[in-house]
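In what follows, a structure is listed as structure tokens, so that the remarks can point back to it.
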Amino acid sequence: MLEIHYPTRNQEAVDWILSVIFGEFLGIEYIARPCMEKGYSLQLNGKRLDLADSLFPQLQESWLVGEPAFKIPLAQWDAAKSGLSVPLTNPSLPIVFGEPSITIEPDRIDCHIDILGTAFYFLSRYEEMVVKERDKYDRFPATASLACKTGLLERPLIDEYIEVLWACMKRLWPALERKTRQGKIRISCDVDMPYDCSTKTAMAFVKGLAVDVLKRRNVGLASQRLQNYFSTQRGNFTYDPYNTFAWYMDACERRGHQAAFYFITDHSSKTMDGCYQMSEPRIEDLLQRIAERGHEIGTHASFNTFRDGKQMAGERQRLIDTCDKLRIDASAKGNRQHYLRWDTSQTPDHIDASGYEYDTTGAFADQPGFRYGTSRPFTMWSWKKLKPLRIKQRPLILMECSVIADRYMGLGYSDEAMNLMLSLKEKSLAYGGDFTLLWHNSHFSTEWDKKFFTDLIA
């Protein structure tokens, strides 16, 4: 069996990253042995692979105090000149920690790239614990991340590092086998607005109509709002622009996909958490239709839950109670945070304690890409307990409005937007990860929305 010798410092953190990389991602049986050596050493059948240990010695002196040292622009390792066969998105691989060199001998390889330290940095979201920049919704923005500053956000860096590690292992131990995983497209919908909220009251309708006419100067939109309002009062939801669920499920089913629909079950903010209640007949009917067609129902934890464990647990229980009442699947396995609000120091712990199996919040709102450096699901780290949690993270790779909306990248329905989305899909699936896509039911207002969506899930 493979033996992994590692320095005794930060043992819980190292044990966790070893279990994720070798256990979950590669599926290799191993024995971990703490030792007094300076780096990591993989040993089997008289051969050894030494891996650099650059990050953790830095953290030993300044644990959660500040950013570890790295130089921008990052050094580059040229895979083509290494003598190793490594499937990368680009032969030039950026090196965050360690040095861009690998020395190969018949019975020994010295890899000076700090693969395990870099994996810990990305998967634990260490930088979000020490970098204080936040946006107006108290979110860590993509623009504050190392990945964005170095052009790595659109690259699954940790997945590529694992391929380098595996290439070194196969050079020394050709008979070694890894776990294979078939990536999949995971389609999800955050049900922020299941219907046009201006139909709820006459006052809301009048305000919406005034905005259409006076601010937007769009008589056509005002006419549609008028038609929808009076139709809704008669129980006819045909004209509601957000009532796209039947089309949504049809599109997924035609391509062999099961979608996940995440509902806001309570309101921790009066202004940010939508206008619907889970007890409304219209919502209950929607839940039943989703369940009958075999799609998943989960929780879209409300605006302030990211720092409120009691509220979060109560919202999951409310979903379970609602589903029990309707006699539909009440497992409530998955969660995504409303507005993608996330506090690395505590949100994972609240989700874990609430009983979820997985969370899928893992993306930045302002730009799509690989926040964790991977598209593979993995066991999350707790900065509160300094040990692994039970909960799995399914990284969100793409939210449609991150690319299209003017308030974010603002690419609209351009070829550039489509090419970016398809590139993220290709890179996600290339390494056995999942292309997790969030497309809101309320974002099918144009034929371009539908075309982009169906092209992506093909």
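Residues are referred to by chain and number: the chain letter is A, B, ... according to the order shown in the structure tokens, the number counts from 1 in that chain, and ligands are numbered separately from 1 in the order shown.
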
Spatial neighbours of A:Arg186, max dist 7 Å, only C-alpha atoms, sep filter under 5 positions, as a PDB file with N, CA and C atoms, in the first residue's frame:
ATOM      1  N   ALA A 259     -33.238  18.274 -13.020  1.00  0.00           N
ATOM      2  CA  ALA A 259     -32.863  19.576 -12.470  1.00  0.00           C
ATOM      3  C   ALA A 259     -33.137  19.617 -10.975  1.00  0.00           C
ATOM      4  N   ASP A 434     -18.069  18.081 -12.455  1.00  0.00           N
ATOM      5  CA  ASP A 434     -19.435  18.377 -12.882  1.00  0.00           C
ATOM      6  C   ASP A 434     -19.546  19.817 -13.361  1.00  0.00           C
ATOM      7  N   PHE A 435     -20.289  19.997 -14.434  1.00  0.00           N
ATOM      8  CA  PHE A 435     -20.628  21.343 -14.878  1.00  0.00           C
ATOM      9  C   PHE A 435     -21.930  21.727 -14.188  1.00  0.00           C
ATOM     10  N   THR A 436     -21.821  22.450 -13.088  1.00  0.00           N
ATOM     11  CA  THR A 436     -22.993  22.853 -12.306  1.00  0.00           C
ATOM     12  C   THR A 436     -23.430  24.229 -12.781  1.00  0.00           C
ATOM     13  N   LEU A 437     -24.630  24.261 -13.339  1.00  0.00           N
ATOM     14  CA  LEU A 437     -25.181  25.455 -13.976  1.00  0.00           C
ATOM     15  C   LEU A 437     -26.393  25.947 -13.196  1.00  0.00           C
TER      16      LEU A 437
END

- Which residues, written as a count of residues only, have at least one atom at most 8 Å from A:Lys425, with only C-alpha atoms counted and residues fewer than 3 positions away on the same chain left out? 6

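Running DSSP on the backbone gives strand (DSSP E) for these residues within stretch 79-259 of chain A: Ser92, Leu93, Pro94, Ile95, Gly98, Glu99, Pro100, Ser101, Ile102, Thr103, Ile104, Arg108, Ile109, Asp110, Cys111, His112, Ile113, Ile185, Arg186, Ile187, Ser188, Cys189, Asp190, Val191 and Ala259 of chain A.
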
Resulting file, chosen residues, N, CA and C atoms, as a PDB file, in the first residue's frame:
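Once everything was written out, this is again_11.pdb:
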ATOM      1  N   SER A  92       1.418  25.485 -20.279  1.00  0.00           N
ATOM      2  CA  SER A  92       2.086  26.327 -19.297  1.00  0.00           C
ATOM      3  C   SER A  92       1.227  26.379 -18.035  1.00  0.00           C
ATOM      4  N   LEU A  93       1.720  25.780 -16.952  1.00  0.00           N
ATOM      5  CA  LEU A  93       0.945  25.646 -15.719  1.00  0.00           C
ATOM      6  C   LEU A  93       1.434  26.641 -14.670  1.00  0.00           C
ATOM      7  N   PRO A  94       0.581  27.559 -14.203  1.00  0.00           N
ATOM      8  CA  PRO A  94       0.997  28.528 -13.175  1.00  0.00           C
ATOM      9  C   PRO A  94       1.283  27.841 -11.845  1.00  0.00           C
ATOM     10  N   ILE A  95       2.326  28.294 -11.174  1.00  0.00           N
ATOM     11  CA  ILE A  95       2.720  27.718  -9.897  1.00  0.00           C
ATOM     12  C   ILE A  95       2.485  28.753  -8.800  1.00  0.00           C
ATOM     13  N   GLY A  98       5.654  26.911  -4.193  1.00  0.00           N
ATOM     14  CA  GLY A  98       6.702  25.997  -4.632  1.00  0.00           C
ATOM     15  C   GLY A  98       7.441  26.560  -5.829  1.00  0.00           C
ATOM     16  N   GLU A  99       8.128  25.696  -6.540  1.00  0.00           N
ATOM     17  CA  GLU A  99       8.946  26.091  -7.680  1.00  0.00           C
ATOM     18  C   GLU A  99       8.512  25.326  -8.929  1.00  0.00           C
ATOM     19  N   PRO A 100       8.684  25.929 -10.117  1.00  0.00           N
ATOM     20  CA  PRO A 100       8.223  25.297 -11.357  1.00  0.00           C
ATOM     21  C   PRO A 100       9.213  24.285 -11.914  1.00  0.00           C
ATOM     22  N   SER A 101       9.466  23.223 -11.179  1.00  0.00           N
ATOM     23  CA  SER A 101      10.395  22.210 -11.680  1.00  0.00           C
ATOM     24  C   SER A 101      10.065  20.840 -11.100  1.00  0.00           C
ATOM     25  N   ILE A 102      10.349  19.815 -11.909  1.00  0.00           N
ATOM     26  CA  ILE A 102      10.197  18.415 -11.494  1.00  0.00           C
ATOM     27  C   ILE A 102      11.431  17.662 -11.981  1.00  0.00           C
ATOM     28  N   THR A 103      12.116  16.994 -11.059  1.00  0.00           N
ATOM     29  CA  THR A 103      13.317  16.224 -11.393  1.00  0.00           C
ATOM     30  C   THR A 103      12.961  14.750 -11.409  1.00  0.00           C
ATOM     31  N   ILE A 104      13.240  14.092 -12.535  1.00  0.00           N
ATOM     32  CA  ILE A 104      12.827  12.698 -12.710  1.00  0.00           C
ATOM     33  C   ILE A 104      14.058  11.794 -12.783  1.00  0.00           C
ATOM     34  N   ARG A 108      13.046   7.697  -8.405  1.00  0.00           N
ATOM     35  CA  ARG A 108      12.667   8.820  -7.555  1.00  0.00           C
ATOM     36  C   ARG A 108      12.303  10.032  -8.407  1.00  0.00           C
ATOM     37  N   ILE A 109      11.271  10.737  -7.973  1.00  0.00           N
ATOM     38  CA  ILE A 109      10.882  11.998  -8.609  1.00  0.00           C
ATOM     39  C   ILE A 109      10.783  13.063  -7.534  1.00  0.00           C
ATOM     40  N   ASP A 110      11.410  14.199  -7.791  1.00  0.00           N
ATOM     41  CA  ASP A 110      11.285  15.365  -6.900  1.00  0.00           C
ATOM     42  C   ASP A 110      10.397  16.398  -7.584  1.00  0.00           C
ATOM     43  N   CYS A 111       9.203  16.583  -7.043  1.00  0.00           N
ATOM     44  CA  CYS A 111       8.277  17.580  -7.570  1.00  0.00           C
ATOM     45  C   CYS A 111       8.355  18.809  -6.671  1.00  0.00           C
ATOM     46  N   HIS A 112       8.857  19.901  -7.208  1.00  0.00           N
ATOM     47  CA  HIS A 112       9.040  21.115  -6.416  1.00  0.00           C
ATOM     48  C   HIS A 112       7.804  22.025  -6.422  1.00  0.00           C
ATOM     49  N   ILE A 113       6.743  21.558  -7.088  1.00  0.00           N
ATOM     50  CA  ILE A 113       5.454  22.255  -7.055  1.00  0.00           C
ATOM     51  C   ILE A 113       4.727  21.829  -5.790  1.00  0.00           C
ATOM     52  N   ILE A 185     -23.547  17.027 -16.179  1.00  0.00           N
ATOM     53  CA  ILE A 185     -24.122  18.365 -16.168  1.00  0.00           C
ATOM     54  C   ILE A 185     -25.169  18.407 -15.062  1.00  0.00           C
ATOM     55  N   ARG A 186     -24.997  19.318 -14.122  1.00  0.00           N
ATOM     56  CA  ARG A 186     -25.959  19.497 -13.030  1.00  0.00           C
ATOM     57  C   ARG A 186     -26.678  20.831 -13.243  1.00  0.00           C
ATOM     58  N   ILE A 187     -27.963  20.754 -13.503  1.00  0.00           N
ATOM     59  CA  ILE A 187     -28.761  21.942 -13.786  1.00  0.00           C
ATOM     60  C   ILE A 187     -29.549  22.317 -12.544  1.00  0.00           C
ATOM     61  N   SER A 188     -29.537  23.595 -12.210  1.00  0.00           N
ATOM     62  CA  SER A 188     -30.236  24.026 -11.001  1.00  0.00           C
ATOM     63  C   SER A 188     -30.904  25.374 -11.217  1.00  0.00           C
ATOM     64  N   CYS A 189     -31.971  25.585 -10.440  1.00  0.00           N
ATOM     65  CA  CYS A 189     -32.762  26.804 -10.536  1.00  0.00           C
ATOM     66  C   CYS A 189     -33.021  27.334  -9.135  1.00  0.00           C
ATOM     67  N   ASP A 190     -32.580  28.552  -8.877  1.00  0.00           N
ATOM     68  CA  ASP A 190     -32.923  29.223  -7.620  1.00  0.00           C
ATOM     69  C   ASP A 190     -34.269  29.919  -7.813  1.00  0.00           C
ATOM     70  N   VAL A 191     -35.275  29.466  -7.058  1.00  0.00           N
ATOM     71  CA  VAL A 191     -36.625  29.992  -7.245  1.00  0.00           C
ATOM     72  C   VAL A 191     -36.768  31.275  -6.422  1.00  0.00           C
ATOM     73  N   ALA A 259     -33.238  18.274 -13.020  1.00  0.00           N
ATOM     74  CA  ALA A 259     -32.863  19.576 -12.470  1.00  0.00           C
ATOM     75  C   ALA A 259     -33.137  19.617 -10.975  1.00  0.00           C
TER      76      ALA A 259
END

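Residues with any atom within 6 Å of stretch 311-321 of chain A, counting only C-alpha atoms and excluding same-chain neighbours fewer than 4 positions away, are A:Thr265, A:Thr305, A:Ala330, A:Ser354.
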
- Query: Which residue out of A:Ala79, A:Leu389, A:Ile404, A:Leu209 has the minimum interatomic distance to A:Gln227 when only C-alpha atoms are used?
  - Reply: A:Leu209

- Message: Show me, as a list in words, the residues that have an atom within 7 Å of stretch 372-387 of chain A when counting only C-alpha atoms, minus same-chain residues fewer than 4 positions from it.
- Response: Glu12, Ala13, Val20, Phe122, Leu123, Ser124, Pro156, Leu157, Ile158, Asp159, Ser345, Gln346, Pro348, Asp349, Ile391, Lys392, Gln393, Arg394, Pro395, Ser428, Gly433, Asp434 and Phe435 of chain A

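Summary of the local environment: counting only C-alpha atoms, residues at most 6 Å from A:His350, other than itself and those fewer than 3 positions away along its chain, are Gly309, Thr347 and Ala353 of chain A.
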
With N, CA, C and O atoms retained, could you export that selection as an mmCIF file, in the first residue's frame?
data_model
loop_
_atom_site.group_PDB
_atom_site.id
_atom_site.type_symbol
_atom_site.label_atom_id
_atom_site.label_comp_id
_atom_site.auth_asym_id
_atom_site.auth_seq_id
_atom_site.Cartn_x
_atom_site.Cartn_y
_atom_site.Cartn_z
ATOM 1 N N GLY A 309 -27.179 29.936 12.088
ATOM 2 C CA GLY A 309 -27.402 28.499 12.018
ATOM 3 C C GLY A 309 -28.811 28.090 12.407
ATOM 4 O O GLY A 309 -29.394 27.172 11.817
ATOM 5 N N THR A 347 -20.336 29.650 7.542
ATOM 6 C CA THR A 347 -21.459 29.146 6.751
ATOM 7 C C THR A 347 -21.401 27.636 6.532
ATOM 8 O O THR A 347 -22.424 26.952 6.686
ATOM 9 N N ALA A 353 -24.535 21.450 10.145
ATOM 10 C CA ALA A 353 -25.346 21.201 11.344
ATOM 11 C C ALA A 353 -26.836 21.129 11.027
ATOM 12 O O ALA A 353 -27.599 20.513 11.784
#

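Summary of the local environment: counting only C-alpha atoms, residues at most 12 Å from A:Glu292, other than itself and those fewer than 5 positions away along its chain, are Ala246, Met249, Asp285, Leu286, Leu287, Ile297, Leu326, Arg327, Ile328 and Asp329 of chain A.
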
- Query: In Å, with one decimal, what is the gap from atom CA of A:Ala260 to atom CA of A:Glu296?
  - Reply: 4.4 Å

- Would you list the contacts of A:His443 as a PyMOL selection string, taking every protein, DNA or RNA residue within 12 Å and counting only C-alpha atoms, but skipping same-chain residues closer than 2 positions in sequence? chain A and resi 189-195+241-245+248+399-401+404-405+438-441+445-453

DSSP alpha helix (DSSP H) residues within stretch 149-344 of chain A, listed as a short mmCIF file (atom, residue, chain, number, x, y, z; two decimals) with N, CA and C atoms, in the first residue's frame:
data_model
loop_
_atom_site.label_atom_id
_atom_site.label_comp_id
_atom_site.auth_asym_id
_atom_site.auth_seq_id
_atom_site.Cartn_x
_atom_site.Cartn_y
_atom_site.Cartn_z
N LYS A 149 -7.02 37.63 -10.04
CA LYS A 149 -5.88 38.52 -10.26
C LYS A 149 -4.82 37.90 -11.17
N LEU A 157 -7.55 24.81 -11.73
CA LEU A 157 -6.13 24.64 -11.41
C LEU A 157 -5.86 23.41 -10.56
N ILE A 158 -6.69 23.17 -9.55
CA ILE A 158 -6.45 22.02 -8.67
C ILE A 158 -6.63 20.71 -9.42
N ASP A 159 -7.61 20.64 -10.31
CA ASP A 159 -7.77 19.44 -11.14
C ASP A 159 -6.53 19.22 -12.00
N GLU A 160 -5.96 20.28 -12.51
CA GLU A 160 -4.74 20.15 -13.32
C GLU A 160 -3.55 19.74 -12.46
N TYR A 161 -3.45 20.28 -11.26
CA TYR A 161 -2.38 19.87 -10.36
C TYR A 161 -2.47 18.37 -10.04
N ILE A 162 -3.68 17.89 -9.89
CA ILE A 162 -3.86 16.46 -9.62
C ILE A 162 -3.38 15.62 -10.80
N GLU A 163 -3.58 16.13 -12.01
CA GLU A 163 -3.08 15.41 -13.18
C GLU A 163 -1.56 15.38 -13.20
N VAL A 164 -0.92 16.43 -12.74
CA VAL A 164 0.55 16.43 -12.63
C VAL A 164 0.99 15.40 -11.59
N LEU A 165 0.31 15.40 -10.45
CA LEU A 165 0.61 14.42 -9.41
C LEU A 165 0.45 13.00 -9.93
N TRP A 166 -0.64 12.76 -10.63
CA TRP A 166 -0.90 11.41 -11.12
C TRP A 166 0.12 10.99 -12.19
N ALA A 167 0.52 11.93 -13.04
CA ALA A 167 1.53 11.61 -14.05
C ALA A 167 2.84 11.19 -13.39
N CYS A 168 3.21 11.86 -12.29
CA CYS A 168 4.42 11.48 -11.55
C CYS A 168 4.26 10.10 -10.93
N MET A 169 3.10 9.83 -10.37
CA MET A 169 2.86 8.54 -9.73
C MET A 169 2.89 7.41 -10.76
N LYS A 170 2.29 7.63 -11.92
CA LYS A 170 2.28 6.59 -12.95
C LYS A 170 3.67 6.34 -13.53
N ARG A 171 4.51 7.36 -13.57
CA ARG A 171 5.88 7.17 -14.04
C ARG A 171 6.64 6.22 -13.12
N LEU A 172 6.41 6.35 -11.80
CA LEU A 172 7.10 5.49 -10.84
C LEU A 172 6.41 4.15 -10.67
N ALA A 202 -53.05 45.08 -5.60
CA ALA A 202 -53.36 46.15 -6.55
C ALA A 202 -52.30 47.25 -6.49
N MET A 203 -51.81 47.56 -5.28
CA MET A 203 -50.80 48.60 -5.13
C MET A 203 -49.50 48.21 -5.84
N ALA A 204 -49.09 46.95 -5.67
CA ALA A 204 -47.87 46.49 -6.33
C ALA A 204 -48.03 46.54 -7.84
N PHE A 205 -49.23 46.20 -8.32
CA PHE A 205 -49.48 46.23 -9.76
C PHE A 205 -49.38 47.66 -10.31
N VAL A 206 -49.99 48.61 -9.62
CA VAL A 206 -49.97 49.99 -10.06
C VAL A 206 -48.54 50.52 -10.09
N LYS A 207 -47.75 50.19 -9.05
CA LYS A 207 -46.36 50.63 -9.01
C LYS A 207 -45.57 50.05 -10.19
N GLY A 208 -45.78 48.77 -10.46
CA GLY A 208 -45.09 48.14 -11.57
C GLY A 208 -45.47 48.75 -12.90
N LEU A 209 -46.76 49.04 -13.06
CA LEU A 209 -47.24 49.65 -14.29
C LEU A 209 -46.63 51.04 -14.48
N ALA A 210 -46.54 51.79 -13.39
CA ALA A 210 -45.96 53.13 -13.45
C ALA A 210 -44.49 53.08 -13.86
N VAL A 219 -44.37 50.69 -23.41
CA VAL A 219 -45.81 50.46 -23.41
C VAL A 219 -46.12 48.97 -23.60
N GLY A 220 -45.29 48.28 -24.39
CA GLY A 220 -45.51 46.85 -24.60
C GLY A 220 -45.39 46.07 -23.31
N LEU A 221 -44.39 46.41 -22.51
CA LEU A 221 -44.20 45.73 -21.22
C LEU A 221 -45.37 46.03 -20.29
N ALA A 222 -45.84 47.27 -20.31
CA ALA A 222 -47.00 47.64 -19.48
C ALA A 222 -48.24 46.85 -19.89
N SER A 223 -48.40 46.67 -21.20
CA SER A 223 -49.54 45.90 -21.70
C SER A 223 -49.47 44.44 -21.24
N GLN A 224 -48.27 43.86 -21.28
CA GLN A 224 -48.09 42.48 -20.81
C GLN A 224 -48.38 42.37 -19.31
N ARG A 225 -47.93 43.36 -18.55
CA ARG A 225 -48.18 43.35 -17.11
C ARG A 225 -49.69 43.43 -16.84
N LEU A 226 -50.38 44.25 -17.60
CA LEU A 226 -51.83 44.41 -17.46
C LEU A 226 -52.53 43.08 -17.74
N GLN A 227 -52.16 42.45 -18.82
CA GLN A 227 -52.77 41.17 -19.19
C GLN A 227 -52.49 40.10 -18.13
N ASN A 228 -51.23 40.06 -17.66
CA ASN A 228 -50.87 39.06 -16.65
C ASN A 228 -51.63 39.28 -15.35
N TYR A 229 -51.76 40.53 -14.94
CA TYR A 229 -52.42 40.84 -13.68
C TYR A 229 -53.87 40.33 -13.67
N PHE A 230 -54.63 40.69 -14.69
CA PHE A 230 -56.04 40.31 -14.69
C PHE A 230 -56.22 38.82 -14.95
N SER A 231 -55.32 38.21 -15.72
CA SER A 231 -55.39 36.76 -15.92
C SER A 231 -55.09 36.02 -14.62
N THR A 232 -54.10 36.51 -13.88
CA THR A 232 -53.73 35.87 -12.61
C THR A 232 -54.88 35.94 -11.60
N GLN A 233 -55.60 37.05 -11.59
CA GLN A 233 -56.73 37.17 -10.66
C GLN A 233 -57.79 36.11 -10.94
N PHE A 245 -41.65 26.98 -15.57
CA PHE A 245 -41.21 25.72 -14.98
C PHE A 245 -41.50 24.52 -15.89
N ALA A 246 -42.67 24.50 -16.53
CA ALA A 246 -42.99 23.38 -17.41
C ALA A 246 -42.01 23.33 -18.58
N TRP A 247 -41.74 24.51 -19.18
CA TRP A 247 -40.78 24.56 -20.27
C TRP A 247 -39.40 24.14 -19.78
N TYR A 248 -39.03 24.60 -18.60
CA TYR A 248 -37.72 24.30 -18.00
C TYR A 248 -37.54 22.79 -17.87
N MET A 249 -38.53 22.13 -17.27
CA MET A 249 -38.43 20.68 -17.05
C MET A 249 -38.47 19.93 -18.38
N ASP A 250 -39.30 20.38 -19.32
CA ASP A 250 -39.33 19.75 -20.64
C ASP A 250 -37.96 19.80 -21.29
N ALA A 251 -37.32 20.97 -21.25
CA ALA A 251 -36.01 21.14 -21.89
C ALA A 251 -34.97 20.21 -21.26
N CYS A 252 -35.00 20.09 -19.94
CA CYS A 252 -34.06 19.20 -19.25
C CYS A 252 -34.33 17.73 -19.58
N GLU A 253 -35.59 17.34 -19.51
CA GLU A 253 -35.94 15.94 -19.73
C GLU A 253 -35.62 15.48 -21.15
N ARG A 254 -35.82 16.35 -22.12
CA ARG A 254 -35.52 15.98 -23.51
C ARG A 254 -34.05 15.66 -23.69
N PRO A 281 -51.18 28.02 -2.30
CA PRO A 281 -51.61 26.92 -3.18
C PRO A 281 -50.81 26.85 -4.48
N ARG A 282 -50.45 28.02 -5.01
CA ARG A 282 -49.69 28.04 -6.26
C ARG A 282 -48.30 27.42 -6.09
N ILE A 283 -47.68 27.66 -4.93
CA ILE A 283 -46.36 27.08 -4.65
C ILE A 283 -46.49 25.59 -4.35
N GLU A 284 -47.50 25.22 -3.61
CA GLU A 284 -47.71 23.79 -3.32
C GLU A 284 -47.93 23.00 -4.60
N ASP A 285 -48.70 23.58 -5.51
CA ASP A 285 -48.94 22.92 -6.80
C ASP A 285 -47.63 22.79 -7.59
N LEU A 286 -46.80 23.82 -7.55
CA LEU A 286 -45.51 23.78 -8.24
C LEU A 286 -44.62 22.70 -7.65
N LEU A 287 -44.56 22.61 -6.34
CA LEU A 287 -43.76 21.57 -5.68
C LEU A 287 -44.21 20.18 -6.10
N GLN A 288 -45.50 19.97 -6.17
CA GLN A 288 -46.02 18.66 -6.55
C GLN A 288 -45.67 18.33 -8.00
N ARG A 289 -45.76 19.32 -8.87
CA ARG A 289 -45.43 19.07 -10.28
C ARG A 289 -43.95 18.75 -10.46
N ILE A 290 -43.10 19.44 -9.73
CA ILE A 290 -41.66 19.15 -9.80
C ILE A 290 -41.37 17.74 -9.32
N ALA A 291 -41.97 17.37 -8.18
CA ALA A 291 -41.73 16.04 -7.62
C ALA A 291 -42.28 14.94 -8.52
N GLU A 292 -43.44 15.15 -9.07
CA GLU A 292 -44.07 14.14 -9.93
C GLU A 292 -43.21 13.84 -11.16
N GLY A 309 -27.18 29.94 12.09
CA GLY A 309 -27.40 28.50 12.02
C GLY A 309 -28.81 28.09 12.41
N LYS A 310 -29.40 28.75 13.39
CA LYS A 310 -30.75 28.41 13.82
C LYS A 310 -31.76 28.69 12.71
N GLN A 311 -31.62 29.85 12.07
CA GLN A 311 -32.52 30.20 10.96
C GLN A 311 -32.36 29.20 9.81
N MET A 312 -31.12 28.83 9.53
CA MET A 312 -30.87 27.90 8.43
C MET A 312 -31.52 26.55 8.69
N ALA A 313 -31.34 26.04 9.90
CA ALA A 313 -31.93 24.74 10.23
C ALA A 313 -33.45 24.80 10.17
N GLY A 314 -34.02 25.91 10.62
CA GLY A 314 -35.47 26.06 10.59
C GLY A 314 -36.01 26.09 9.17
N GLU A 315 -35.25 26.67 8.24
CA GLU A 315 -35.70 26.73 6.85
C GLU A 315 -35.68 25.36 6.19
N ARG A 316 -34.69 24.56 6.51
CA ARG A 316 -34.68 23.19 5.97
C ARG A 316 -35.87 22.41 6.52
N GLN A 317 -36.14 22.57 7.83
CA GLN A 317 -37.26 21.85 8.43
C GLN A 317 -38.59 22.30 7.82
N ARG A 318 -38.69 23.57 7.48
CA ARG A 318 -39.93 24.07 6.86
C ARG A 318 -40.15 23.42 5.51
N LEU A 319 -39.09 23.22 4.75
CA LEU A 319 -39.23 22.53 3.47
C LEU A 319 -39.68 21.09 3.68
N ILE A 320 -39.06 20.42 4.66
CA ILE A 320 -39.42 19.03 4.95
C ILE A 320 -40.89 18.95 5.36
N ASP A 321 -41.33 19.86 6.24
CA ASP A 321 -42.72 19.85 6.71
C ASP A 321 -43.69 20.10 5.56
N THR A 322 -43.35 21.03 4.67
CA THR A 322 -44.20 21.32 3.52
C THR A 322 -44.32 20.11 2.61
N CYS A 323 -43.20 19.47 2.34
CA CYS A 323 -43.21 18.29 1.47
C CYS A 323 -43.94 17.12 2.12
N ASP A 324 -43.78 16.95 3.43
CA ASP A 324 -44.52 15.91 4.14
C ASP A 324 -46.02 16.12 4.00
N LYS A 325 -46.44 17.36 4.17
CA LYS A 325 -47.86 17.70 4.04
C LYS A 325 -48.40 17.34 2.65
N LEU A 326 -47.56 17.55 1.63
CA LEU A 326 -47.97 17.28 0.26
C LEU A 326 -47.69 15.83 -0.16
#

Per residue of stretch 148-192 of chain A within 12 Å of stretch 67-75 of chain A, which atom pair is closest and at what distance in Å (one decimal), using only C-alpha atoms, listed by chain and increasing number, as a Markdown table?
| residue | atom | partner | partner_atom | distance |
| --- | --- | --- | --- | --- |
| A:Cys148 | CA | A:Ile72 | CA | 11.7 |
| A:Lys149 | CA | A:Ile72 | CA | 8.5 |
| A:Thr150 | CA | A:Pro73 | CA | 6.8 |
| A:Gly151 | CA | A:Pro73 | CA | 9.8 |
| A:Leu152 | CA | A:Leu74 | CA | 10.5 |

Store the residues picked out above in a file with all heavy atoms, as a compact mmCIF listing (two decimals), in the first residue's frame.
# COMPACT_ATOMS: atom_id res chain seq x y z
N CYS A 148 -8.62 35.33 -9.77
CA CYS A 148 -9.01 36.40 -10.69
C CYS A 148 -7.81 37.29 -11.03
O CYS A 148 -7.59 37.64 -12.20
CB CYS A 148 -10.14 37.22 -10.09
SG CYS A 148 -10.79 38.50 -11.20
N LYS A 149 -7.02 37.63 -10.04
CA LYS A 149 -5.88 38.52 -10.26
C LYS A 149 -4.82 37.90 -11.17
O LYS A 149 -4.04 38.61 -11.79
CB LYS A 149 -5.25 38.89 -8.92
CG LYS A 149 -6.14 39.76 -8.03
CD LYS A 149 -5.51 39.96 -6.67
CE LYS A 149 -6.40 40.80 -5.76
NZ LYS A 149 -5.84 40.93 -4.39
N THR A 150 -4.78 36.58 -11.21
CA THR A 150 -3.75 35.89 -12.01
C THR A 150 -4.33 35.19 -13.23
O THR A 150 -3.65 34.40 -13.88
CB THR A 150 -3.01 34.86 -11.13
OG1 THR A 150 -3.96 33.96 -10.55
CG2 THR A 150 -2.22 35.54 -10.04
N GLY A 151 -5.61 35.45 -13.54
CA GLY A 151 -6.22 34.87 -14.72
C GLY A 151 -6.53 33.40 -14.61
O GLY A 151 -6.61 32.69 -15.63
N LEU A 152 -6.73 32.91 -13.39
CA LEU A 152 -6.94 31.48 -13.18
C LEU A 152 -8.39 31.11 -12.89
O LEU A 152 -8.69 29.93 -12.73
CB LEU A 152 -6.07 30.99 -12.00
CG LEU A 152 -4.56 31.04 -12.21
CD1 LEU A 152 -3.84 30.62 -10.94
CD2 LEU A 152 -4.17 30.15 -13.38

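What separates atom CA of A:Asn335 from atom CA of A:Phe261 is a distance of 9.7 Å.
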